[in-house]
$ cat entry37.cif   # mmCIF, C-alpha atoms and all ligand atoms
data_query
#
loop_
_atom_site.group_PDB
_atom_site.id
_atom_site.type_symbol
_atom_site.label_atom_id
_atom_site.label_comp_id
_atom_site.auth_asym_id
_atom_site.auth_seq_id
_atom_site.Cartn_x
_atom_site.Cartn_y
_atom_site.Cartn_z
ATOM 1 C CA MET A 1 77.460 -53.781 177.788
ATOM 2 C CA VAL A 2 77.968 -50.462 179.538
ATOM 3 C CA SER A 3 74.972 -48.905 181.227
ATOM 4 C CA GLY A 4 74.544 -45.121 181.260
ATOM 5 C CA GLY A 5 77.367 -45.083 178.700
ATOM 6 C CA LEU A 6 77.472 -43.015 175.540
ATOM 7 C CA SER A 7 74.693 -40.502 175.095
ATOM 8 C CA SER A 8 72.167 -40.900 172.272
ATOM 9 C CA PRO A 9 73.255 -40.267 168.643
ATOM 10 C CA ALA A 10 71.282 -36.994 168.719
ATOM 11 C CA ASP A 11 73.173 -35.864 171.861
ATOM 12 C CA GLN A 12 76.468 -36.793 170.216
ATOM 13 C CA ILE A 13 75.690 -34.796 167.053
ATOM 14 C CA LEU A 14 74.555 -31.797 169.116
ATOM 15 C CA SER A 15 77.729 -31.817 171.219
ATOM 16 C CA THR A 16 79.908 -32.131 168.121
ATOM 17 C CA ILE A 17 78.161 -29.140 166.489
ATOM 18 C CA THR A 18 78.537 -27.140 169.721
ATOM 19 C CA MET A 19 82.212 -28.025 169.880
ATOM 20 C CA VAL A 20 82.873 -27.019 166.270
ATOM 21 C CA LEU A 21 81.031 -23.718 166.736
ATOM 22 C CA CYS A 22 82.713 -22.968 170.068
ATOM 23 C CA CYS A 23 86.294 -24.044 169.310
ATOM 24 C CA PRO A 24 88.410 -21.440 167.513
ATOM 25 C CA TYR A 25 90.768 -22.755 164.847
ATOM 26 C CA LEU A 26 94.121 -23.160 166.548
ATOM 27 C CA PRO A 27 97.089 -23.434 164.186
ATOM 28 C CA ALA A 28 99.849 -25.887 165.102
ATOM 29 C CA PHE A 29 102.686 -24.487 167.184
ATOM 30 C CA ASP A 30 105.754 -23.794 165.045
ATOM 31 C CA GLY A 31 108.384 -23.114 167.673
ATOM 32 C CA ALA A 32 107.899 -19.401 168.203
ATOM 33 C CA ALA A 33 104.100 -19.609 167.965
ATOM 34 C CA LEU A 34 102.140 -18.388 170.939
ATOM 35 C CA LEU A 35 98.475 -18.405 171.814
ATOM 36 C CA THR A 36 96.546 -15.629 170.121
ATOM 37 C CA LYS A 37 94.198 -13.223 171.885
ATOM 38 C CA ASN A 38 91.310 -15.413 170.612
ATOM 39 C CA HIS A 39 92.743 -18.518 172.244
ATOM 40 C CA ILE A 40 93.207 -16.751 175.570
ATOM 41 C CA GLU A 41 89.680 -15.313 175.392
ATOM 42 C CA PHE A 42 88.320 -18.769 174.542
ATOM 43 C CA PHE A 43 90.076 -20.288 177.558
ATOM 44 C CA ASN A 44 88.851 -17.523 179.869
ATOM 45 C CA GLU A 45 85.287 -17.883 178.597
ATOM 46 C CA HIS A 46 84.978 -21.687 178.379
ATOM 47 C CA GLY A 47 87.545 -22.956 180.914
ATOM 48 C CA TYR A 48 89.390 -25.255 178.496
ATOM 49 C CA LEU A 49 91.483 -25.097 175.304
ATOM 50 C CA HIS A 50 92.592 -27.666 172.718
ATOM 51 C CA MET A 51 96.180 -27.069 171.537
ATOM 52 C CA PRO A 52 96.985 -29.303 168.549
ATOM 53 C CA GLU A 53 100.461 -30.653 167.788
ATOM 54 C CA VAL A 54 102.297 -29.263 170.807
ATOM 55 C CA PHE A 55 104.560 -32.305 170.569
ATOM 56 C CA SER A 56 106.098 -33.233 167.196
ATOM 57 C CA PRO A 57 105.566 -36.760 165.810
ATOM 58 C CA ASP A 58 109.118 -37.733 166.909
ATOM 59 C CA GLU A 59 108.630 -36.316 170.406
ATOM 60 C CA THR A 60 105.251 -38.043 170.674
ATOM 61 C CA LEU A 61 106.747 -41.375 169.618
ATOM 62 C CA GLU A 62 109.463 -41.082 172.262
ATOM 63 C CA LEU A 63 106.880 -40.195 174.948
ATOM 64 C CA GLU A 64 104.741 -43.181 173.915
ATOM 65 C CA THR A 65 107.727 -45.549 174.133
ATOM 66 C CA GLU A 66 108.667 -44.203 177.562
ATOM 67 C CA LEU A 67 105.059 -44.341 178.749
ATOM 68 C CA ASP A 68 104.785 -47.978 177.703
ATOM 69 C CA TRP A 69 107.983 -48.701 179.637
ATOM 70 C CA LEU A 70 106.532 -46.950 182.714
ATOM 71 C CA ILE A 71 103.282 -48.913 182.349
ATOM 72 C CA GLY A 72 105.262 -52.158 182.345
ATOM 73 C CA SER A 73 107.736 -51.311 185.080
ATOM 74 C CA TRP A 74 106.348 -48.812 187.630
ATOM 75 C CA ALA A 75 102.635 -48.049 187.177
ATOM 76 C CA GLY A 76 99.887 -49.551 189.332
ATOM 77 C CA ARG A 77 96.767 -51.286 187.994
ATOM 78 C CA SER A 78 93.739 -50.859 190.252
ATOM 79 C CA PRO A 79 89.933 -50.659 190.148
ATOM 80 C CA GLY A 80 90.483 -46.859 190.113
ATOM 81 C CA TRP A 81 88.275 -44.209 191.696
ATOM 82 C CA SER A 82 85.712 -45.289 194.270
ATOM 83 C CA GLY A 83 82.175 -43.998 194.869
ATOM 84 C CA ASP A 84 78.524 -44.533 194.047
ATOM 85 C CA TRP A 85 79.028 -42.956 190.598
ATOM 86 C CA ARG A 86 80.444 -46.332 189.452
ATOM 87 C CA GLN A 87 76.970 -47.874 189.460
ATOM 88 C CA VAL A 88 75.695 -44.982 187.296
ATOM 89 C CA TYR A 89 78.333 -45.281 184.572
ATOM 90 C CA MET A 90 78.921 -49.065 184.608
ATOM 91 C CA ASP A 91 76.711 -52.152 184.857
ATOM 92 C CA PRO A 92 77.657 -54.601 187.680
ATOM 93 C CA GLU A 93 79.746 -56.897 185.463
ATOM 94 C CA THR A 94 81.704 -54.033 183.854
ATOM 95 C CA GLU A 95 82.162 -52.362 187.241
ATOM 96 C CA LYS A 96 83.898 -55.456 188.614
ATOM 97 C CA LYS A 97 86.255 -55.634 185.626
ATOM 98 C CA SER A 98 86.983 -51.932 185.162
ATOM 99 C CA LYS A 99 90.594 -50.897 185.768
ATOM 100 C CA LEU A 100 92.807 -47.811 185.726
ATOM 101 C CA VAL A 101 96.567 -47.899 185.163
ATOM 102 C CA ALA A 102 98.139 -44.946 186.938
ATOM 103 C CA MET A 103 101.198 -43.442 188.583
ATOM 104 C CA HIS A 104 102.411 -40.001 189.638
ATOM 105 C CA ASP A 105 105.543 -37.967 188.967
ATOM 106 C CA LEU A 106 106.658 -39.540 185.694
ATOM 107 C CA TYR A 107 109.668 -37.206 185.490
ATOM 108 C CA PHE A 108 111.188 -38.897 188.556
ATOM 109 C CA TYR A 109 111.524 -42.022 186.410
ATOM 110 C CA SER A 110 112.075 -40.947 182.789
ATOM 111 C CA ASP A 111 114.078 -38.093 181.257
ATOM 112 C CA ALA A 112 111.728 -37.942 178.248
ATOM 113 C CA TRP A 113 108.920 -36.999 180.619
ATOM 114 C CA MET A 114 111.107 -34.345 182.240
ATOM 115 C CA ARG A 115 111.539 -32.847 178.763
ATOM 116 C CA ALA A 116 107.769 -33.057 178.260
ATOM 117 C CA VAL A 117 106.845 -31.069 181.387
ATOM 118 C CA THR A 118 109.497 -28.430 180.606
ATOM 119 C CA HIS A 119 108.675 -28.289 176.874
ATOM 120 C CA PRO A 120 109.218 -24.639 175.809
ATOM 121 C CA HIS A 121 106.089 -24.390 173.611
ATOM 122 C CA LEU A 122 103.895 -25.854 176.334
ATOM 123 C CA THR A 123 105.298 -23.781 179.186
ATOM 124 C CA ALA A 124 105.136 -20.607 177.038
ATOM 125 C CA ALA A 125 101.430 -21.244 176.408
ATOM 126 C CA ILE A 126 100.732 -21.903 180.100
ATOM 127 C CA SER A 127 102.552 -18.720 181.031
ATOM 128 C CA GLN A 128 100.245 -16.779 178.704
ATOM 129 C CA LEU A 129 97.277 -18.182 180.616
ATOM 130 C CA ILE A 130 98.433 -17.834 184.238
ATOM 131 C CA GLY A 131 101.259 -15.281 184.191
ATOM 132 C CA PRO A 132 105.045 -15.072 183.990
ATOM 133 C CA ASN A 133 105.870 -17.431 186.878
ATOM 134 C CA VAL A 134 105.032 -21.110 186.373
ATOM 135 C CA GLU A 135 105.803 -24.023 188.725
ATOM 136 C CA VAL A 136 105.145 -27.715 188.004
ATOM 137 C CA HIS A 137 102.870 -29.193 190.674
ATOM 138 C CA HIS A 138 102.575 -32.818 189.484
ATOM 139 C CA SER A 139 102.297 -35.228 186.592
ATOM 140 C CA THR A 140 99.932 -38.221 186.563
ATOM 141 C CA MET A 141 99.497 -41.084 184.105
ATOM 142 C CA HIS A 142 95.925 -42.144 183.328
ATOM 143 C CA VAL A 143 95.690 -45.183 181.085
ATOM 144 C CA LYS A 144 92.284 -46.665 180.373
ATOM 145 C CA PRO A 145 92.899 -50.321 179.521
ATOM 146 C CA PRO A 146 90.955 -51.978 176.659
ATOM 147 C CA GLU A 147 87.205 -52.643 176.818
ATOM 148 C CA THR A 148 86.515 -51.695 180.437
ATOM 149 C CA GLY A 149 89.040 -48.888 181.003
ATOM 150 C CA HIS A 150 87.822 -46.719 183.802
ATOM 151 C CA PRO A 151 85.378 -43.833 183.187
ATOM 152 C CA PHE A 152 85.784 -40.603 185.213
ATOM 153 C CA PRO A 153 82.713 -39.044 186.852
ATOM 154 C CA MET A 154 82.254 -35.278 186.612
ATOM 155 C CA HIS A 155 84.562 -33.474 189.060
ATOM 156 C CA GLN A 156 86.901 -30.526 189.461
ATOM 157 C CA ASP A 157 90.597 -31.239 189.943
ATOM 158 C CA TRP A 158 90.428 -28.664 192.747
ATOM 159 C CA ALA A 159 88.839 -31.409 194.878
ATOM 160 C CA PHE A 160 92.115 -33.390 194.665
ATOM 161 C CA TYR A 161 94.571 -30.543 195.301
ATOM 162 C CA GLN A 162 92.937 -27.470 196.791
ATOM 163 C CA HIS A 163 94.531 -24.132 195.928
ATOM 164 C CA GLU A 164 93.524 -20.645 197.046
ATOM 165 C CA ASP A 165 92.902 -19.170 193.609
ATOM 166 C CA SER A 166 92.435 -20.080 189.955
ATOM 167 C CA ARG A 167 96.027 -19.612 188.746
ATOM 168 C CA TYR A 168 96.366 -23.349 188.195
ATOM 169 C CA ILE A 169 96.090 -25.173 184.862
ATOM 170 C CA ASP A 170 95.958 -28.880 184.178
ATOM 171 C CA VAL A 171 97.065 -30.144 180.785
ATOM 172 C CA LEU A 172 96.294 -33.508 179.260
ATOM 173 C CA VAL A 173 99.093 -34.728 176.997
ATOM 174 C CA HIS A 174 97.509 -37.154 174.527
ATOM 175 C CA LEU A 175 99.457 -40.262 173.499
ATOM 176 C CA ASP A 176 96.517 -41.784 171.596
ATOM 177 C CA ASP A 177 93.861 -40.232 169.380
ATOM 178 C CA THR A 178 90.662 -39.948 171.429
ATOM 179 C CA ASP A 179 86.988 -40.071 170.503
ATOM 180 C CA ALA A 180 83.634 -41.191 171.886
ATOM 181 C CA ASN A 181 84.684 -44.863 171.767
ATOM 182 C CA ASN A 182 87.764 -44.646 173.959
ATOM 183 C CA GLY A 183 86.577 -41.929 176.336
ATOM 184 C CA GLU A 184 87.674 -38.481 175.164
ATOM 185 C CA ILE A 185 87.793 -35.702 177.766
ATOM 186 C CA ARG A 186 84.515 -33.756 178.222
ATOM 187 C CA PHE A 187 84.017 -30.344 179.861
ATOM 188 C CA LEU A 188 81.081 -28.506 181.371
ATOM 189 C CA ASP A 189 81.307 -25.305 179.362
ATOM 190 C CA GLY A 190 82.186 -22.215 181.445
ATOM 191 C CA SER A 191 81.945 -24.129 184.730
ATOM 192 C CA HIS A 192 85.256 -22.707 186.010
ATOM 193 C CA LYS A 193 83.674 -19.300 186.521
ATOM 194 C CA GLU A 194 81.887 -20.285 189.726
ATOM 195 C CA GLY A 195 85.066 -21.485 191.451
ATOM 196 C CA ALA A 196 85.312 -24.474 193.778
ATOM 197 C CA ARG A 197 82.229 -26.670 194.341
ATOM 198 C CA ALA A 198 81.362 -29.079 197.144
ATOM 199 C CA HIS A 199 82.136 -32.682 196.110
ATOM 200 C CA ILE A 200 80.822 -35.964 197.479
ATOM 201 C CA THR A 201 83.685 -37.528 199.439
ATOM 202 C CA SER A 202 81.949 -40.402 201.239
ATOM 203 C CA ASN A 203 79.138 -42.855 200.698
ATOM 204 C CA ALA A 204 77.508 -45.740 202.601
ATOM 205 C CA SER A 205 80.704 -47.809 202.671
ATOM 206 C CA GLY A 206 82.932 -44.951 203.888
ATOM 207 C CA PRO A 207 85.220 -42.352 202.309
ATOM 208 C CA CYS A 208 85.435 -42.308 198.497
ATOM 209 C CA THR A 209 87.225 -40.442 195.725
ATOM 210 C CA PRO A 210 85.705 -36.939 195.287
ATOM 211 C CA PHE A 211 82.997 -36.580 192.621
ATOM 212 C CA LEU A 212 80.055 -34.296 191.844
ATOM 213 C CA PRO A 213 76.461 -35.586 192.222
ATOM 214 C CA THR A 214 75.691 -37.639 189.107
ATOM 215 C CA ASP A 215 72.086 -36.431 188.875
ATOM 216 C CA GLN A 216 73.177 -32.776 188.665
ATOM 217 C CA TYR A 217 76.448 -33.167 186.729
ATOM 218 C CA ARG A 218 76.057 -35.508 183.746
ATOM 219 C CA LEU A 219 78.747 -36.612 181.313
ATOM 220 C CA ALA A 220 76.058 -36.393 178.611
ATOM 221 C CA ASP A 221 75.783 -32.611 179.190
ATOM 222 C CA ALA A 222 79.515 -32.004 178.778
ATOM 223 C CA ILE A 223 81.314 -30.915 175.579
ATOM 224 C CA PRO A 224 83.512 -33.674 174.111
ATOM 225 C CA VAL A 225 86.993 -32.558 173.081
ATOM 226 C CA PRO A 226 88.506 -35.330 170.948
ATOM 227 C CA ALA A 227 92.228 -34.878 170.284
ATOM 228 C CA LYS A 228 95.140 -36.500 168.455
ATOM 229 C CA ALA A 229 98.340 -38.035 169.834
ATOM 230 C CA GLY A 230 100.762 -35.134 170.409
ATOM 231 C CA ASP A 231 97.945 -32.667 171.188
ATOM 232 C CA VAL A 232 97.384 -31.035 174.550
ATOM 233 C CA VAL A 233 94.019 -30.131 176.052
ATOM 234 C CA CYS A 234 94.282 -27.739 178.975
ATOM 235 C CA PHE A 235 91.694 -26.633 181.533
ATOM 236 C CA SER A 236 91.304 -24.644 184.738
ATOM 237 C CA ILE A 237 91.549 -26.317 188.161
ATOM 238 C CA HIS A 238 87.872 -25.277 188.547
ATOM 239 C CA THR A 239 86.528 -26.615 185.211
ATOM 240 C CA VAL A 240 84.096 -29.508 185.741
ATOM 241 C CA HIS A 241 85.047 -32.482 183.546
ATOM 242 C CA GLY A 242 84.949 -36.253 183.142
ATOM 243 C CA SER A 243 85.099 -39.017 180.511
ATOM 244 C CA TYR A 244 83.349 -42.220 179.473
ATOM 245 C CA ILE A 245 84.726 -45.743 179.557
ATOM 246 C CA ASN A 246 87.200 -47.006 176.931
ATOM 247 C CA GLN A 247 85.259 -49.521 174.845
ATOM 248 C CA THR A 248 87.978 -50.160 172.251
ATOM 249 C CA PRO A 249 90.471 -53.080 172.156
ATOM 250 C CA ARG A 250 93.414 -50.673 172.753
ATOM 251 C CA ASN A 251 94.791 -48.636 175.684
ATOM 252 C CA ARG A 252 93.776 -44.970 175.869
ATOM 253 C CA ARG A 253 96.911 -43.221 177.195
ATOM 254 C CA ILE A 254 96.913 -39.692 178.641
ATOM 255 C CA VAL A 255 99.273 -37.893 181.029
ATOM 256 C CA ARG A 256 98.060 -34.952 183.099
ATOM 257 C CA ILE A 257 100.500 -32.234 184.144
ATOM 258 C CA GLY A 258 99.542 -29.578 186.729
ATOM 259 C CA TYR A 259 101.086 -26.095 186.466
ATOM 260 C CA ARG A 260 100.518 -23.232 188.904
ATOM 261 C CA ASP A 261 101.657 -19.754 189.779
ATOM 262 C CA PRO A 262 103.929 -20.384 192.797
ATOM 263 C CA ASP A 263 102.042 -17.610 194.638
ATOM 264 C CA ASN A 264 98.831 -19.671 194.437
ATOM 265 C CA ARG A 265 99.029 -21.357 197.847
ATOM 266 C CA GLN A 266 97.946 -24.983 198.177
ATOM 267 C CA THR A 267 95.819 -25.577 201.272
ATOM 268 C CA ALA A 268 95.194 -29.353 201.098
ATOM 269 C CA GLY A 269 95.319 -32.469 198.936
ATOM 270 C CA GLN A 270 97.854 -34.306 196.809
ATOM 271 C CA SER A 271 101.469 -33.106 197.057
ATOM 272 C CA VAL A 272 100.578 -30.326 199.539
ATOM 273 C CA GLY A 273 103.668 -28.563 200.850
ATOM 274 C CA ARG A 274 105.929 -30.088 198.209
ATOM 275 C CA PRO A 275 107.777 -27.552 196.034
ATOM 276 C CA GLY A 276 107.945 -28.165 192.279
ATOM 277 C CA ILE A 277 110.453 -27.093 189.649
ATOM 278 C CA MET A 278 110.095 -23.649 188.078
ATOM 279 C CA VAL A 279 109.561 -23.885 184.312
ATOM 280 C CA LYS A 280 109.015 -20.149 183.703
ATOM 281 C CA GLY A 281 110.049 -17.040 185.604
ATOM 282 C CA ARG A 282 110.852 -16.882 189.308
ATOM 283 C CA ARG A 283 109.535 -17.862 192.740
ATOM 284 C CA ARG A 284 108.858 -14.677 194.715
ATOM 285 C CA ARG A 285 110.165 -14.650 198.288
ATOM 286 C CA GLU A 286 107.852 -13.675 201.173
ATOM 287 C CA PRO A 287 109.522 -11.539 203.857
ATOM 288 C CA GLU A 288 111.655 -13.879 206.027
ATOM 289 C CA GLN A 289 110.544 -16.937 204.028
ATOM 290 C CA PRO A 290 113.029 -19.774 204.699
ATOM 291 C CA LEU A 291 114.627 -21.809 201.946
ATOM 292 C CA PHE A 292 113.113 -25.233 201.241
ATOM 293 C CA SER A 293 114.363 -27.962 203.560
ATOM 294 C CA ILE A 294 116.988 -30.398 202.292
ATOM 295 C CA ASN A 295 115.568 -33.093 204.596
ATOM 296 C CA GLY A 296 113.837 -34.970 201.819
ATOM 297 C CA PRO A 297 111.029 -37.489 202.144
ATOM 298 C CA HIS A 298 111.720 -40.736 203.979
ATOM 299 C CA ILE A 299 113.301 -43.396 201.733
ATOM 300 C CA SER A 300 111.134 -46.488 201.940
ATOM 301 C CA ARG A 301 113.629 -48.920 200.374
ATOM 302 C CA LYS A 302 114.604 -51.555 202.995
ATOM 303 C CA MET A 303 118.216 -51.408 204.180
ATOM 304 C CA LYS A 304 120.027 -54.648 203.358
ATOM 305 C CA SER A 305 122.039 -54.758 206.581
ATOM 306 C CA GLY A 306 121.931 -53.339 210.107
HETATM 307 O O1 LIG B 401 91.778 -39.200 181.663
HETATM 308 C C1 LIG B 401 90.615 -38.792 181.625
HETATM 309 O O2 LIG B 401 89.812 -39.136 180.772
HETATM 310 C C2 LIG B 401 90.107 -37.817 182.649
HETATM 311 C C3 LIG B 401 91.101 -37.595 183.687
HETATM 312 C C4 LIG B 401 90.661 -36.606 184.683
HETATM 313 O O3 LIG B 401 89.516 -36.386 184.922
HETATM 314 C C5 LIG B 401 91.693 -35.865 185.361
HETATM 315 O O4 LIG B 401 92.862 -36.093 185.069
HETATM 316 O O5 LIG B 401 91.343 -35.039 186.209
#
$ encode --input "entry37.cif" --output "structure tokens" --more "lines below"
Ligand SMILES: O=C(O)CCC(=O)C(=O)O
Amino acid sequence: MVSGGLSSPADQILSTITMVLCCPYLPAFDGAALLTKNHIEFFNEHGYLHMPEVFSPDETLELETELDWLIGSWAGRSPGWSGDWRQVYMDPETEKKSKLVAMHDLYFYSDAWMRAVTHPHLTAAISQLIGPNVEVHHSTMHVKPPETGHPFPMHQDWAFYQHEDSRYIDVLVHLDDTDANNGEIRFLDGSHKEGARAHITSNASGPCTPFLPTDQYRLADAIPVPAKAGDVVCFSIHTVHGSYINQTPRNRRIVRIGYRDPDNRQTAGQSVGRPGIMVKGRRRREPEQPLFSINGPHISRKMKSG
């Protein structure tokens, strides 16, 4: 039994009606298809956009197979994000059991995921939203395991990787159909417009994962955006979002990819200072800006001899 879980049936119906009224019909990408003016206006107004069928059924199947391999070989399984929000969205028994399967930088491990982050339809759409120059900042797997798969409290991704401006888009590549039962993504409509917000980063037991106060930012007030495997849901680095627990007997698999304008300077957080690959356009050079160092990160693998 999950406490504070799904909102009441009336809330659910209201959010579904709101979503249907707010979401413009978005035809499937057909290779050359680009976002229309309506899509771009919708994103600018609401801070998120559902893009159906970005990946074909064959591409989606390959990504699923590779994701399952990554889950079995590289990903970590942990209790997930820390913080007092856990007691709000889970009862004590569920909280103890709840897990998140996660890893970063999938394209360092699987060529299929390199093709996914550089996918021409996806990168063309992102370029329409943030401009001609697009750099990959990260990719992150979020798998909610069956029955007690980790909910996410309301937060902005800005709290995890602070950037100076809003030219940063996160996309959620869906590998499973999502709905209220397995924890579809939910957004606070238009919340990106106010920019970065102060997050809670510590509680009585010490530092915790950033989250927004649960009494002011409620999952029940957010718009659910259910999607199908192969769809992408994108949102601004400043859009407040979260998701409920997975209550189904199956994994709920999503991969987040972060794209930014390379001129949008990162000031703190995950992957700060690390350059990413350019998937559209060019990286502008500041006067006298040096090339990136070839002294890569320290290799942690133990040397066998010496
Ligand atoms: O996977 C989810 O349901 C939400 C993930 C999330 O909040 C994020 O990637 O920032």
$ axis_aligned_box --input "entry37.cif" --around "ligand LIG 401 (chain B)" --padding-each-side "3 Å" --output "JSON"
{"center_x": 91.2, "center_y": -37.1, "center_z": 183.5, "size_x": 9.3, "size_y": 10.2, "size_z": 11.4}
$ residues_near_ligand --input "entry37.cif" --ligand "ligand LIG 401 (chain B)" --cutoff "8 Å" --atoms "only C-alpha atoms and all ligand atoms" --output "ChimeraX atom specification"
/A:140,142-144,151-157,170,172,183-186,241-244,253-256
$ atom_distance --input "entry37.cif" --atom1 "atom CA of Met278 of chain A" --atom2 "atom CA of Val134 of chain A"
5.9 Å
$ closest_residue --input "entry37.cif" --among "A:Asp105, A:Asp165, A:Asp189, A:Asp91" --to "Phe42 of chain A" --atoms "all atoms listed in the file"
A:Asp189
$ atom_distance --input "entry37.cif" --atom1 "atom CA of Ile257 of chain A" --atom2 "atom CA of Met114 of chain A"
11.0 Å
$ closest_residue --input "entry37.cif" --among "A:Glu45, A:Glu194, A:Glu64, A:Glu53" --to "Ser166 of chain A" --atoms "all atoms listed in the file"
A:Glu194
$ residues_near_point --input "entry37.cif" --point "(97.4, -21.5, 193.1)" --cutoff "9 Å" --atoms "only C-alpha atoms" --output "PyMOL selection string"
chain A and resi 162-168+259-266
$ atom_distance --input "entry37.cif" --atom1 "atom CA of Arg115 of chain A" --atom2 "atom CA of Leu100 of chain A"
25.0 Å
$ resolve_selection --input "entry37.cif" --expression "the PyMOL selection byres (((chain A and resi 227) around 8) and not hetatm)" --output "PyMOL selection string"
chain A and resi 50+52+174+177-179+184+225-226+228-229+231-233
$ residues_around --input "entry37.cif" --residues "Arg250 of chain A" --least-positions-apart "4" --cutoff "8 Å" --atoms "all atoms listed in the file" --output "VMD selection string"
chain A and resid 145 to 147
$ closest_residue --input "entry37.cif" --among "A:Ile277, A:Ile169, A:Ala196, A:Leu175" --to "Leu61 of chain A" --atoms "all atoms listed in the file"
A:Leu175
$ resolve_selection --input "entry37.cif" --expression "the PyMOL selection byres (((chain A and resi 283) around 7) and not hetatm)" --output "JSON, numbers by chain"
{"A": [133, 262, 282, 284, 285]}
$ write_last_selection --input "entry37.cif" --atoms "C-alpha atoms" --output "PDB file, in the frame of the given file"
ATOM      1  CA  ASN A 133     105.870 -17.431 186.878  1.00  0.00           C
ATOM      2  CA  PRO A 262     103.929 -20.384 192.797  1.00  0.00           C
ATOM      3  CA  ARG A 282     110.852 -16.882 189.308  1.00  0.00           C
ATOM      4  CA  ARG A 284     108.858 -14.677 194.715  1.00  0.00           C
ATOM      5  CA  ARG A 285     110.165 -14.650 198.288  1.00  0.00           C
TER       6      ARG A 285
END
$ closest_residue --input "entry37.cif" --among "A:Gly76, A:Pro132, A:Pro210, A:Gly83" --to "Ala159 of chain A" --atoms "all atoms listed in the file"
A:Pro210
$ resolve_selection --input "entry37.cif" --expression "the PyMOL selection byres (((chain A and resi 87) around 12) and not hetatm)" --output "MDAnalysis selection string"
chainID A and resid 2:5 82:86 88:96 98 151 153 214
$ write_last_selection --input "entry37.cif" --atoms "C-alpha atoms" --output "PDB file, keeping the file's coordinate frame"
ATOM      1  CA  VAL A   2      77.968 -50.462 179.538  1.00  0.00           C
ATOM      2  CA  SER A   3      74.972 -48.905 181.227  1.00  0.00           C
ATOM      3  CA  GLY A   4      74.544 -45.121 181.260  1.00  0.00           C
ATOM      4  CA  GLY A   5      77.367 -45.083 178.700  1.00  0.00           C
ATOM      5  CA  SER A  82      85.712 -45.289 194.270  1.00  0.00           C
ATOM      6  CA  GLY A  83      82.175 -43.998 194.869  1.00  0.00           C
ATOM      7  CA  ASP A  84      78.524 -44.533 194.047  1.00  0.00           C
ATOM      8  CA  TRP A  85      79.028 -42.956 190.598  1.00  0.00           C
ATOM      9  CA  ARG A  86      80.444 -46.332 189.452  1.00  0.00           C
ATOM     10  CA  VAL A  88      75.695 -44.982 187.296  1.00  0.00           C
ATOM     11  CA  TYR A  89      78.333 -45.281 184.572  1.00  0.00           C
ATOM     12  CA  MET A  90      78.921 -49.065 184.608  1.00  0.00           C
ATOM     13  CA  ASP A  91      76.711 -52.152 184.857  1.00  0.00           C
ATOM     14  CA  PRO A  92      77.657 -54.601 187.680  1.00  0.00           C
ATOM     15  CA  GLU A  93      79.746 -56.897 185.463  1.00  0.00           C
ATOM     16  CA  THR A  94      81.704 -54.033 183.854  1.00  0.00           C
ATOM     17  CA  GLU A  95      82.162 -52.362 187.241  1.00  0.00           C
ATOM     18  CA  LYS A  96      83.898 -55.456 188.614  1.00  0.00           C
ATOM     19  CA  SER A  98      86.983 -51.932 185.162  1.00  0.00           C
ATOM     20  CA  PRO A 151      85.378 -43.833 183.187  1.00  0.00           C
ATOM     21  CA  PRO A 153      82.713 -39.044 186.852  1.00  0.00           C
ATOM     22  CA  THR A 214      75.691 -37.639 189.107  1.00  0.00           C
TER      23      THR A 214
END
$ residues_around --input "entry37.cif" --residues "Pro207 of chain A" --least-positions-apart "4" --cutoff "12 Å" --atoms "only C-alpha atoms" --output "JSON, numbers by chain"
{"A": [81, 82, 83, 84, 199, 200, 201, 202, 203, 211]}
